[in-house]
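Engineer: input_2.cif is reproduced below (mmCIF, C-alpha atoms).
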```
data_work
#
loop_
_atom_site.label_atom_id
_atom_site.label_comp_id
_atom_site.auth_asym_id
_atom_site.auth_seq_id
_atom_site.Cartn_x
_atom_site.Cartn_y
_atom_site.Cartn_z
CA MET A 1 28.95 -4.68 -19.69
CA ASP A 2 27.68 -7.22 -17.21
CA ASP A 3 26.19 -6.04 -13.99
CA PHE A 4 27.38 -8.23 -11.19
CA GLN A 5 25.25 -6.56 -8.59
CA THR A 6 24.26 -8.62 -5.63
CA ALA A 7 20.66 -9.21 -4.79
CA GLU A 8 20.96 -6.79 -1.93
CA GLU A 9 21.99 -4.00 -4.21
CA THR A 10 19.12 -4.43 -6.58
CA THR A 11 16.22 -5.06 -4.23
CA PHE A 12 14.41 -2.72 -1.95
CA VAL A 13 15.59 -3.22 1.64
CA VAL A 14 12.77 -2.16 3.90
CA ASP A 15 14.67 -1.99 7.19
CA GLU A 16 17.33 0.27 5.85
CA VAL A 17 14.79 2.66 4.37
CA SER A 18 12.68 2.61 7.51
CA SER A 19 15.59 3.76 9.65
CA ILE A 20 16.39 6.52 7.16
CA ILE A 21 12.82 7.77 7.35
CA LYS A 22 12.79 7.82 11.13
CA GLU A 23 16.03 9.76 11.28
CA SER A 24 14.77 12.31 8.76
CA VAL A 25 11.49 12.90 10.57
CA ASP A 26 13.17 13.23 13.95
CA ALA A 27 15.63 15.70 12.55
CA ALA A 28 12.96 17.83 10.89
CA ILE A 29 10.09 17.95 13.40
CA GLY A 30 11.55 16.14 16.41
CA GLY A 31 10.28 18.19 19.30
CA SER A 32 8.04 20.69 17.53
CA THR A 33 4.44 21.59 18.20
CA TYR A 34 2.04 21.82 15.30
CA GLN A 35 2.01 25.23 13.67
CA HIS A 36 0.07 25.85 10.51
CA SER A 37 2.58 28.36 9.23
CA ARG A 38 5.48 25.97 9.47
CA VAL A 39 3.87 22.82 8.16
CA ASN A 40 4.87 23.55 4.60
CA GLN A 41 8.48 23.92 5.52
CA TRP A 42 8.42 20.83 7.72
CA SER A 43 6.97 18.55 5.10
CA SER A 44 9.45 19.82 2.53
CA SER A 45 12.40 19.23 4.83
CA VAL A 46 11.21 15.73 5.81
CA VAL A 47 10.83 14.76 2.19
CA GLU A 48 14.10 16.29 1.08
CA ASN A 49 16.06 14.73 3.91
CA CYS A 50 14.62 11.32 3.09
CA LEU A 51 15.37 11.66 -0.58
CA GLY A 52 18.91 12.85 0.08
CA GLN A 53 19.66 9.91 2.32
CA LEU A 54 18.13 7.47 -0.14
CA THR A 55 20.22 8.73 -3.04
CA LYS A 56 23.32 8.33 -0.90
CA LEU A 57 22.62 4.61 -0.80
CA GLY A 58 23.60 4.58 -4.46
CA LYS A 59 21.15 1.93 -5.55
CA PRO A 60 19.64 1.81 -9.05
CA PHE A 61 16.19 2.95 -7.92
CA LYS A 62 13.70 5.66 -8.65
CA TYR A 63 12.17 6.93 -5.41
CA ILE A 64 8.84 8.47 -4.52
CA VAL A 65 8.58 9.93 -1.03
CA THR A 66 5.23 11.05 0.36
CA CYS A 67 4.70 12.82 3.65
CA ILE A 68 1.44 13.54 5.47
CA ILE A 69 1.45 15.81 8.49
CA MET A 70 -1.79 16.04 10.40
CA GLN A 71 -2.72 17.92 13.47
CA LYS A 72 -3.96 15.84 16.36
CA ASN A 73 -7.58 16.66 16.83
CA GLY A 74 -9.35 13.39 17.37
CA ALA A 75 -10.23 13.05 13.71
CA GLY A 76 -9.67 9.83 11.83
CA LEU A 77 -7.40 9.28 8.87
CA GLN A 78 -6.93 6.33 6.53
CA THR A 79 -4.31 5.89 3.84
CA ALA A 80 -4.08 3.16 1.22
CA THR A 81 -1.70 2.47 -1.60
CA SER A 82 -1.96 0.15 -4.55
CA CYS A 83 1.00 -0.53 -6.78
CA PHE A 84 1.53 -2.01 -10.19
CA TRP A 85 5.19 -2.98 -10.28
CA ASP A 86 7.69 -5.80 -10.23
CA ASN A 87 7.35 -7.60 -6.93
CA THR A 88 10.81 -9.04 -6.98
CA THR A 89 12.71 -5.78 -7.21
CA ASP A 90 10.38 -2.99 -6.10
CA GLY A 91 9.11 -2.21 -2.65
CA SER A 92 7.67 0.35 -0.30
CA CYS A 93 8.02 1.35 3.30
CA THR A 94 5.62 3.39 5.41
CA VAL A 95 6.49 4.85 8.79
CA ARG A 96 3.99 6.35 11.18
CA TRP A 97 5.44 8.88 13.58
CA GLU A 98 3.69 10.98 16.17
CA ASN A 99 4.27 13.36 18.98
CA LYS A 100 1.90 15.20 21.28
CA SER A 101 0.48 17.56 18.71
CA MET A 102 0.69 15.92 15.33
CA TYR A 103 0.95 12.76 13.26
CA CYS A 104 3.44 12.28 10.48
CA ILE A 105 3.09 9.45 7.97
CA VAL A 106 5.92 8.98 5.49
CA SER A 107 5.80 6.52 2.60
CA VAL A 108 8.74 5.67 0.41
CA PHE A 109 8.32 3.73 -2.83
CA GLY A 110 11.39 2.35 -4.56
CA LEU A 111 11.13 1.28 -8.18
CA ALA A 112 14.03 -0.53 -9.78
CA ILE A 113 15.41 0.87 -12.96
CA MET B 1 14.25 -33.85 -69.15
CA PRO B 2 14.76 -36.09 -66.22
CA ASP B 3 11.71 -37.13 -64.36
CA SER B 4 11.93 -35.98 -60.82
CA THR B 5 10.34 -39.15 -59.45
CA SER B 6 13.09 -41.17 -60.98
CA SER B 7 15.62 -38.78 -59.61
CA THR B 8 14.23 -39.12 -56.12
CA ALA B 9 14.24 -42.87 -56.42
CA LYS B 10 17.86 -42.87 -57.40
CA THR B 11 19.19 -40.34 -54.93
CA PRO B 12 18.72 -41.02 -51.23
CA LEU B 13 16.70 -38.19 -49.82
CA HIS B 14 17.10 -36.75 -46.38
CA PRO B 15 14.66 -38.62 -44.14
CA MET B 16 12.83 -35.39 -43.51
CA PHE B 17 11.80 -35.25 -47.15
CA GLU B 18 9.87 -38.46 -46.82
CA LYS B 19 7.90 -37.10 -43.94
CA VAL B 20 7.10 -33.97 -45.87
CA ILE B 21 5.95 -35.89 -48.87
CA LEU B 22 3.58 -38.03 -46.89
CA GLU B 23 2.16 -35.32 -44.77
CA THR B 24 1.55 -32.78 -47.43
CA GLY B 25 0.51 -35.26 -50.05
CA LEU B 26 2.88 -34.00 -52.62
CA GLN B 27 3.21 -35.79 -55.87
CA LEU B 28 6.69 -35.33 -57.15
CA LYS B 29 5.62 -36.68 -60.47
CA MET B 30 3.80 -33.45 -61.16
CA THR B 31 6.84 -31.38 -61.89
CA THR B 32 6.82 -28.51 -64.27
CA HIS B 33 9.37 -28.14 -66.95
CA HIS B 34 11.50 -25.67 -65.07
CA ALA B 35 12.19 -28.23 -62.42
CA SER B 36 14.52 -29.92 -64.76
CA LEU B 37 16.91 -27.05 -64.78
CA SER B 38 18.85 -28.42 -61.85
CA HIS B 39 19.65 -31.99 -61.19
CA ASP B 40 20.00 -31.44 -57.52
CA PRO B 41 17.08 -33.18 -55.82
CA VAL B 42 17.20 -30.67 -53.04
CA ASP B 43 16.59 -27.78 -55.38
CA GLN B 44 13.98 -29.68 -57.32
CA PHE B 45 12.17 -30.46 -54.17
CA GLY B 46 12.31 -26.89 -53.03
CA GLU B 47 10.97 -25.68 -56.35
CA THR B 48 8.18 -28.18 -56.29
CA LEU B 49 7.20 -27.05 -52.90
CA ARG B 50 7.23 -23.48 -53.99
CA SER B 51 5.00 -24.13 -56.94
CA GLU B 52 2.58 -26.24 -55.00
CA GLN B 53 2.27 -24.95 -51.54
CA GLY B 54 2.75 -21.22 -51.44
CA VAL B 55 4.90 -18.85 -49.51
CA GLN B 56 4.71 -20.12 -45.99
CA LEU B 57 5.59 -23.68 -46.62
CA LYS B 58 8.22 -22.63 -49.05
CA SER B 59 10.12 -20.74 -46.40
CA ARG B 60 9.71 -23.63 -43.99
CA GLY B 61 10.65 -26.20 -46.58
CA ALA B 62 13.60 -24.26 -47.88
CA LYS B 63 14.91 -23.79 -44.36
CA ASP B 64 14.51 -27.39 -43.40
CA LEU B 65 16.18 -28.62 -46.51
CA ARG B 66 19.33 -26.82 -45.61
CA LYS B 67 19.43 -27.39 -41.90
CA PRO B 68 20.55 -30.64 -40.41
CA ARG B 69 17.67 -32.06 -38.39
CA PRO B 70 17.52 -34.76 -35.79
CA PRO B 71 16.20 -38.04 -37.19
CA PRO B 72 12.46 -37.66 -37.49
CA LEU B 73 9.77 -40.15 -36.69
CA VAL B 74 9.28 -43.14 -38.89
CA VAL B 75 7.03 -42.60 -41.85
CA LYS B 76 4.45 -45.18 -40.97
CA GLY B 77 4.12 -43.90 -37.50
CA ALA B 78 3.51 -40.37 -38.70
CA GLU B 79 -0.21 -40.62 -38.17
CA LEU B 80 0.25 -41.92 -34.67
CA SER B 81 2.74 -39.25 -33.85
CA ARG B 82 0.32 -36.58 -34.89
CA ARG B 83 -2.33 -37.95 -32.59
CA ASN B 84 0.17 -38.31 -29.80
CA SER B 85 1.31 -34.79 -30.14
CA MET B 86 -2.30 -33.66 -29.99
CA LEU B 87 -2.71 -35.41 -26.67
CA SER B 88 0.56 -34.17 -25.37
CA VAL B 89 -0.45 -30.65 -26.17
CA ASN B 90 -3.47 -30.90 -23.94
CA LEU B 91 -1.65 -32.49 -21.07
CA SER B 92 1.27 -30.21 -21.18
CA SER B 93 -0.63 -27.05 -21.91
CA PRO B 94 0.54 -25.53 -18.62
CA PHE B 95 4.06 -25.98 -19.91
CA LEU B 96 3.20 -24.23 -23.12
CA ARG B 97 1.56 -21.44 -21.27
CA ARG B 98 4.52 -21.06 -18.98
CA GLU B 99 6.75 -21.04 -21.97
CA SER B 100 4.88 -18.23 -23.55
CA LEU B 101 4.76 -16.14 -20.40
CA THR B 102 8.36 -16.41 -19.27
CA ILE B 103 10.37 -13.47 -20.41
CA THR B 104 13.96 -12.85 -19.43
CA LYS B 105 14.56 -9.48 -17.86
CA HIS B 106 17.88 -8.69 -19.48
CA PRO B 107 18.06 -10.10 -22.98
CA SER B 108 21.58 -10.66 -24.17
CA PRO B 109 22.73 -8.86 -27.28
CA GLY B 110 22.34 -12.02 -29.26
CA ALA B 111 18.81 -12.78 -28.14
CA TRP B 112 16.54 -14.35 -30.66
CA VAL B 113 12.81 -14.60 -31.07
CA HIS B 114 11.79 -18.07 -30.10
CA SER B 115 8.47 -19.61 -30.96
CA SER B 116 7.14 -23.08 -30.55
CA ARG B 117 8.18 -25.41 -33.32
CA LEU B 118 5.42 -26.59 -35.56
CA SER B 119 5.23 -29.81 -37.44
CA PHE B 120 4.20 -29.60 -41.05
CA SER B 121 0.65 -30.51 -40.24
CA GLY B 122 0.39 -27.44 -38.07
CA LEU B 123 0.28 -29.14 -34.69
CA PRO B 124 2.72 -27.92 -32.07
CA ILE B 125 5.49 -30.31 -31.14
CA HIS B 126 5.83 -30.76 -27.41
CA GLN B 127 8.88 -28.88 -26.21
CA PRO B 128 10.41 -28.90 -22.78
CA PRO B 129 9.65 -25.59 -21.04
CA ARG B 130 12.14 -22.97 -22.02
CA GLU B 131 12.50 -19.28 -21.37
CA ILE B 132 11.44 -17.11 -24.24
CA ARG B 133 14.01 -14.49 -25.03
CA LEU B 134 12.82 -11.42 -26.82
CA GLU B 135 14.78 -9.39 -29.24
CA ASN B 136 16.20 -6.09 -28.12
CA THR B 137 13.93 -3.23 -29.05
CA TYR B 138 16.80 -0.78 -28.54
CA LYS B 139 14.34 1.65 -27.04
CA THR B 140 15.55 3.81 -24.22
CA GLY B 141 12.40 5.83 -23.70
CA PRO B 142 8.72 5.90 -24.49
CA ASP B 143 7.45 7.27 -27.78
CA ASP B 144 6.35 10.87 -27.81
CA SER B 145 2.73 9.93 -28.03
CA CYS B 146 2.95 7.35 -25.29
CA ARG B 147 3.87 9.36 -22.26
CA PHE B 148 2.05 9.62 -18.97
CA ASP B 149 -0.67 12.19 -19.66
CA ALA B 150 -1.13 13.93 -16.32
CA ASN B 151 -4.10 16.07 -17.35
CA HIS B 152 -6.13 13.27 -18.78
CA ILE B 153 -5.44 11.05 -15.80
CA GLN B 154 -6.28 13.81 -13.36
CA GLN B 155 -9.71 14.12 -14.97
CA ILE B 156 -10.27 10.41 -14.62
CA LEU B 157 -9.21 10.48 -10.97
CA GLN B 158 -11.52 13.38 -10.22
CA SER B 159 -14.52 11.83 -11.89
CA THR B 160 -13.95 8.51 -10.12
CA LEU B 161 -13.62 10.17 -6.75
CA ASP B 162 -16.77 12.20 -7.30
CA GLY B 163 -18.70 9.18 -8.43
CA PHE B 164 -17.47 6.86 -5.73
CA LEU B 165 -17.62 9.16 -2.73
CA GLY B 166 -20.53 11.39 -3.67
CA ASP B 167 -22.52 11.08 -0.47
CA ALA B 168 -20.34 8.83 1.60
CA LEU B 169 -20.01 9.29 5.34
CA TYR B 170 -16.79 8.70 7.16
CA SER B 171 -16.68 5.88 9.68
CA ALA B 172 -13.62 4.47 11.42
CA ALA B 173 -14.57 0.89 10.68
CA ALA B 174 -15.40 1.33 7.03
CA GLY B 175 -12.83 4.00 6.32
CA GLY B 176 -9.96 1.56 5.91
CA GLN B 177 -11.86 -0.62 3.49
CA LEU B 178 -13.03 2.43 1.58
CA SER B 179 -9.55 3.76 1.04
CA ARG B 180 -8.24 0.32 -0.03
CA THR B 181 -11.07 -0.17 -2.48
CA LEU B 182 -10.61 3.28 -3.89
CA SER B 183 -6.88 2.80 -4.30
CA GLU B 184 -7.25 -0.48 -6.15
CA ARG B 185 -10.05 0.82 -8.29
CA LEU B 186 -8.10 3.86 -9.37
CA ARG B 187 -5.04 1.78 -10.09
CA SER B 188 -6.92 -0.69 -12.27
CA GLN B 189 -8.71 2.13 -14.07
CA ILE B 190 -5.49 3.90 -14.87
CA ARG B 191 -3.89 0.57 -15.74
CA ASP B 192 -6.57 -0.04 -18.37
CA ILE B 193 -5.85 3.16 -20.16
CA SER B 194 -2.20 3.34 -19.36
CA LEU B 195 0.59 2.61 -21.74
CA PRO B 196 2.92 -0.33 -21.61
CA ARG B 197 6.17 -0.18 -19.64
CA TYR B 198 4.72 2.16 -17.02
CA LYS B 199 4.70 1.18 -13.36
CA LEU B 200 1.86 2.72 -11.39
CA ILE B 201 1.53 3.68 -7.75
CA SER B 202 -1.85 4.75 -6.46
CA PHE B 203 -1.89 6.61 -3.14
CA VAL B 204 -5.18 7.47 -1.45
CA VAL B 205 -5.78 9.40 1.77
CA VAL B 206 -9.26 9.42 3.24
CA GLY B 207 -9.95 11.43 6.35
CA GLN B 208 -12.70 12.75 8.50
CA CYS B 209 -13.67 16.35 8.08
CA SER B 210 -13.07 18.00 11.38
CA ASN B 211 -11.55 21.16 12.69
CA HIS B 212 -8.00 20.21 11.90
CA ASP B 213 -5.26 20.79 9.46
CA LEU B 214 -3.61 18.41 7.05
CA GLN B 215 -0.74 18.65 4.62
CA VAL B 216 0.17 16.06 2.01
CA ALA B 217 3.51 16.50 0.30
CA SER B 218 5.52 14.31 -2.00
CA ARG B 219 8.81 14.51 -3.79
CA CYS B 220 10.18 12.16 -6.37
CA LEU B 221 13.54 11.16 -7.72
CA TRP B 222 12.88 10.11 -11.31
CA ASP B 223 13.28 11.01 -14.92
CA THR B 224 11.17 14.13 -15.41
CA GLN B 225 10.80 13.55 -19.13
CA THR B 226 9.15 10.17 -18.86
CA ASP B 227 7.63 10.03 -15.38
CA SER B 228 4.81 12.06 -13.93
CA SER B 229 2.02 12.15 -11.40
CA ALA B 230 -1.60 13.27 -11.14
CA VAL B 231 -3.55 14.47 -8.09
CA ALA B 232 -7.26 14.76 -7.36
CA VAL B 233 -9.00 16.04 -4.24
CA PHE B 234 -12.56 15.46 -3.12
CA GLN B 235 -14.42 16.84 -0.14
CA ASN B 236 -17.93 16.61 1.22
CA SER B 237 -19.43 17.48 4.59
CA SER B 238 -18.15 14.44 6.44
CA LEU B 239 -14.99 13.31 4.70
CA PHE B 240 -12.25 14.33 2.36
CA ALA B 241 -10.13 12.27 -0.01
CA VAL B 242 -6.84 12.87 -1.75
CA ALA B 243 -5.81 10.56 -4.61
CA ILE B 244 -2.37 10.60 -6.19
CA ILE B 245 -1.22 8.47 -9.11
CA TYR B 246 2.47 8.18 -9.96
CA GLY B 247 3.49 6.81 -13.32
CA VAL B 248 7.09 5.66 -13.64
CA TYR B 249 8.58 4.46 -16.89
CA PHE B 250 10.39 1.15 -16.72
CA GLU B 251 13.31 0.82 -19.08
#
```
Would you give me this structure, written as structure tokens?

Structural biologist:
Amino acid sequence: MDDFQTAEETTFVVDEVSSIIKESVDAAIGGSTYQHSRVNQWSSSVVENCLGQLTKLGKPFKYIVTCIIMQKNGAGLQTATSCFWDNTTDGSCTVRWENKSMYCIVSVFGLAI
Amino acid sequence: MPDSTSSTAKTPLHPMFEKVILETGLQLKMTTHHASLSHDPVDQFGETLRSEQGVQLKSRGAKDLRKPRPPPLVVKGAELSRRNSMLSVNLSSPFLRRESLTITKHPSPGAWVHSSRLSFSGLPIHQPPREIRLENTYKTGPDDSCRFDANHIQQILQSTLDGFLGDALYSAAAGGQLSRTLSERLRSQIRDISLPRYKLISFVVVGQCSNHDLQVASRCLWDTQTDSSAVAVFQNSSLFAVAIIYGVYFE
């Protein structure tokens, strides 16, 4: 069985994933104010939305979605990732979103099967 | 009992035989009595080789006797060719290296193991660069003992974080560099102990300790039997750090 998949179907397309992430975050915490009691639910829904949309793309990838929600308080935050993978087929996309009361950083890693 | 030297003189040998004789210094005269069993010079030659040289050359010699080969170098120039090939090895060593490192991603069902051809003297013959195709291992998953051990890796992460960040102070300028260094360090550490065919992603969050709240969540779409992750958290009076390692099996 030969796989005649095009390059687009087997590589990680950053723009596509970036737009999916933005939509998911807007849908989950669009106009909300930070509340400690709801953060758990928000992060779960952001991550699940993202993952659902990514699986709908139907590409042969394993996905890892990470979400950080932080209250705006003047404190600093740094994130870094380091990956050991196949550069030609795998990729990642990180989106930084904010509103008046909180920051949301979502990272998606796609690893080709 | 026919003398094998006379037999070789009478029957025209494959040109490759001459090269072998010269290079290995074989004396066909020294045949044992069982060599006379067959009159076929090919078989006699093979038997002589077997008795003289041992297993490795036997397999090589036996193979070459049967296979049609391109016309080899002239006998007299054999010495020169050996020296030339020595030089060519040095000059083209990048080619050889490339050859050994190139691996096709999807080996066909008929893939074969390909190694550099050796002359009988043991020096590699210069080959044009070719892709090396590996045989199918027919493995669809890691061995039971070779899975991503989350507990063990979590201990390593924790000890590295504690050691690296023991008394560190958070600063906006240095924070970025700190998180990058930590991420790469953790990844290379886990890579050293990690098993083959595992892709690794190291994710580090370093933040200032202040009166605020933070939530880190992640969800993964993978094969739960082969893939896993490990988390470690560190906190001191001025900063906190969260390190996550994901290990994903690559088929």

Engineer: To one decimal place in Å, what is the distance between CA of Val242 (chain B) and CA of Ile113 (chain A)?

Structural biologist: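 Between these atoms lies a distance of 27.7 Å.
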
Engineer: Write out as an MDAnalysis selection string every residue belonging to chain B that has an atom at most 8 Å from any atom of chain A, counting all atoms listed in the file.

Structural biologist: chainID B and resid 172 175:176 179:180 183:184 187 199:222 250:251

Engineer: Smallest atom-to-atom distance to His152 (chain B): which of B:Thr181, B:Ser229, B:Thr137, B:Gln235, using all atoms listed in the file?

Structural biologist: B:Ser229

Engineer: Would you pick out the contacts of Ile190 (chain B) at 8 Å or less, using all atoms listed in the file, so that residues sharing its chain but fewer than 4 positions from it are not included, and give the list as a ChimeraX atom specification?

Structural biologist: /B:153,186,194

Engineer: Expand the PyMOL selection byres ((chain A and resi 88) around 12) into the individual residues it matches in the shown file, reporting them as an mmCIF file with C-alpha atoms, in the frame of the given file.

Structural biologist:
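Contents of the output file expr09.cif:
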```cif
data_model
loop_
_atom_site.group_PDB
_atom_site.id
_atom_site.type_symbol
_atom_site.label_atom_id
_atom_site.label_comp_id
_atom_site.auth_asym_id
_atom_site.auth_seq_id
_atom_site.Cartn_x
_atom_site.Cartn_y
_atom_site.Cartn_z
ATOM 1 C CA ALA A 7 20.660 -9.210 -4.790
ATOM 2 C CA GLU A 8 20.960 -6.790 -1.930
ATOM 3 C CA THR A 10 19.120 -4.430 -6.580
ATOM 4 C CA THR A 11 16.220 -5.060 -4.230
ATOM 5 C CA PHE A 12 14.410 -2.720 -1.950
ATOM 6 C CA VAL A 13 15.590 -3.220 1.640
ATOM 7 C CA TRP A 85 5.190 -2.980 -10.280
ATOM 8 C CA ASP A 86 7.690 -5.800 -10.230
ATOM 9 C CA ASN A 87 7.350 -7.600 -6.930
ATOM 10 C CA THR A 89 12.710 -5.780 -7.210
ATOM 11 C CA ASP A 90 10.380 -2.990 -6.100
ATOM 12 C CA GLY A 91 9.110 -2.210 -2.650
ATOM 13 C CA SER A 92 7.670 0.350 -0.300
ATOM 14 C CA GLY A 110 11.390 2.350 -4.560
ATOM 15 C CA LEU A 111 11.130 1.280 -8.180
ATOM 16 C CA ALA A 112 14.030 -0.530 -9.780
ATOM 17 C CA LYS B 105 14.560 -9.480 -17.860
#
```

Engineer: Give me, please, the distance in Å between CA of Ile245 (chain B) and CA of Ala230 (chain B), quoted to one decimal.

Structural biologist: 5.2 Å

Engineer: CA of Ala173 (chain B) and CA of Asn236 (chain B) are how many Å apart?

Structural biologist: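 Computing the Euclidean distance for CA of Ala173 (chain B) and CA of Asn236 (chain B) yields 18.7 Å.
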
Engineer: What would region 53-65 of chain A look like with N, CA and C atoms restored, written as a PDB file, in the coordinates of the input?

Structural biologist:
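Dumped everything to selection_7.pdb:
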```pdb
ATOM      1  N   GLN A  53      19.068  11.115   1.722  1.00  0.00           N
ATOM      2  CA  GLN A  53      19.660   9.910   2.320  1.00  0.00           C
ATOM      3  C   GLN A  53      19.490   8.707   1.401  1.00  0.00           C
ATOM      4  N   LEU A  54      18.369   8.625   0.735  1.00  0.00           N
ATOM      5  CA  LEU A  54      18.130   7.470  -0.140  1.00  0.00           C
ATOM      6  C   LEU A  54      19.068   7.488  -1.341  1.00  0.00           C
ATOM      7  N   THR A  55      19.308   8.678  -1.891  1.00  0.00           N
ATOM      8  CA  THR A  55      20.220   8.730  -3.040  1.00  0.00           C
ATOM      9  C   THR A  55      21.634   8.382  -2.622  1.00  0.00           C
ATOM     10  N   LYS A  56      21.976   8.675  -1.369  1.00  0.00           N
ATOM     11  CA  LYS A  56      23.320   8.330  -0.900  1.00  0.00           C
ATOM     12  C   LYS A  56      23.538   6.826  -0.849  1.00  0.00           C
ATOM     13  N   LEU A  57      22.469   6.058  -0.789  1.00  0.00           N
ATOM     14  CA  LEU A  57      22.620   4.610  -0.800  1.00  0.00           C
ATOM     15  C   LEU A  57      23.208   4.118  -2.123  1.00  0.00           C
ATOM     16  N   GLY A  58      22.976   4.898  -3.179  1.00  0.00           N
ATOM     17  CA  GLY A  58      23.600   4.580  -4.460  1.00  0.00           C
ATOM     18  C   GLY A  58      23.017   3.381  -5.177  1.00  0.00           C
ATOM     19  N   LYS A  59      21.758   3.091  -4.890  1.00  0.00           N
ATOM     20  CA  LYS A  59      21.150   1.930  -5.550  1.00  0.00           C
ATOM     21  C   LYS A  59      20.448   2.363  -6.827  1.00  0.00           C
ATOM     22  N   PRO A  60      20.281   1.442  -7.784  1.00  0.00           N
ATOM     23  CA  PRO A  60      19.640   1.810  -9.050  1.00  0.00           C
ATOM     24  C   PRO A  60      18.108   1.852  -8.923  1.00  0.00           C
ATOM     25  N   PHE A  61      17.626   2.841  -8.175  1.00  0.00           N
ATOM     26  CA  PHE A  61      16.190   2.950  -7.920  1.00  0.00           C
ATOM     27  C   PHE A  61      15.684   4.338  -8.224  1.00  0.00           C
ATOM     28  N   LYS A  62      14.412   4.384  -8.637  1.00  0.00           N
ATOM     29  CA  LYS A  62      13.700   5.660  -8.650  1.00  0.00           C
ATOM     30  C   LYS A  62      12.877   5.692  -7.363  1.00  0.00           C
ATOM     31  N   TYR A  63      12.861   6.838  -6.699  1.00  0.00           N
ATOM     32  CA  TYR A  63      12.170   6.930  -5.410  1.00  0.00           C
ATOM     33  C   TYR A  63      11.003   7.892  -5.473  1.00  0.00           C
ATOM     34  N   ILE A  64       9.959   7.553  -4.736  1.00  0.00           N
ATOM     35  CA  ILE A  64       8.840   8.470  -4.520  1.00  0.00           C
ATOM     36  C   ILE A  64       8.641   8.544  -3.022  1.00  0.00           C
ATOM     37  N   VAL A  65       8.737   9.752  -2.474  1.00  0.00           N
ATOM     38  CA  VAL A  65       8.580   9.930  -1.030  1.00  0.00           C
ATOM     39  C   VAL A  65       7.352  10.794  -0.791  1.00  0.00           C
TER      40      VAL A  65
END
```
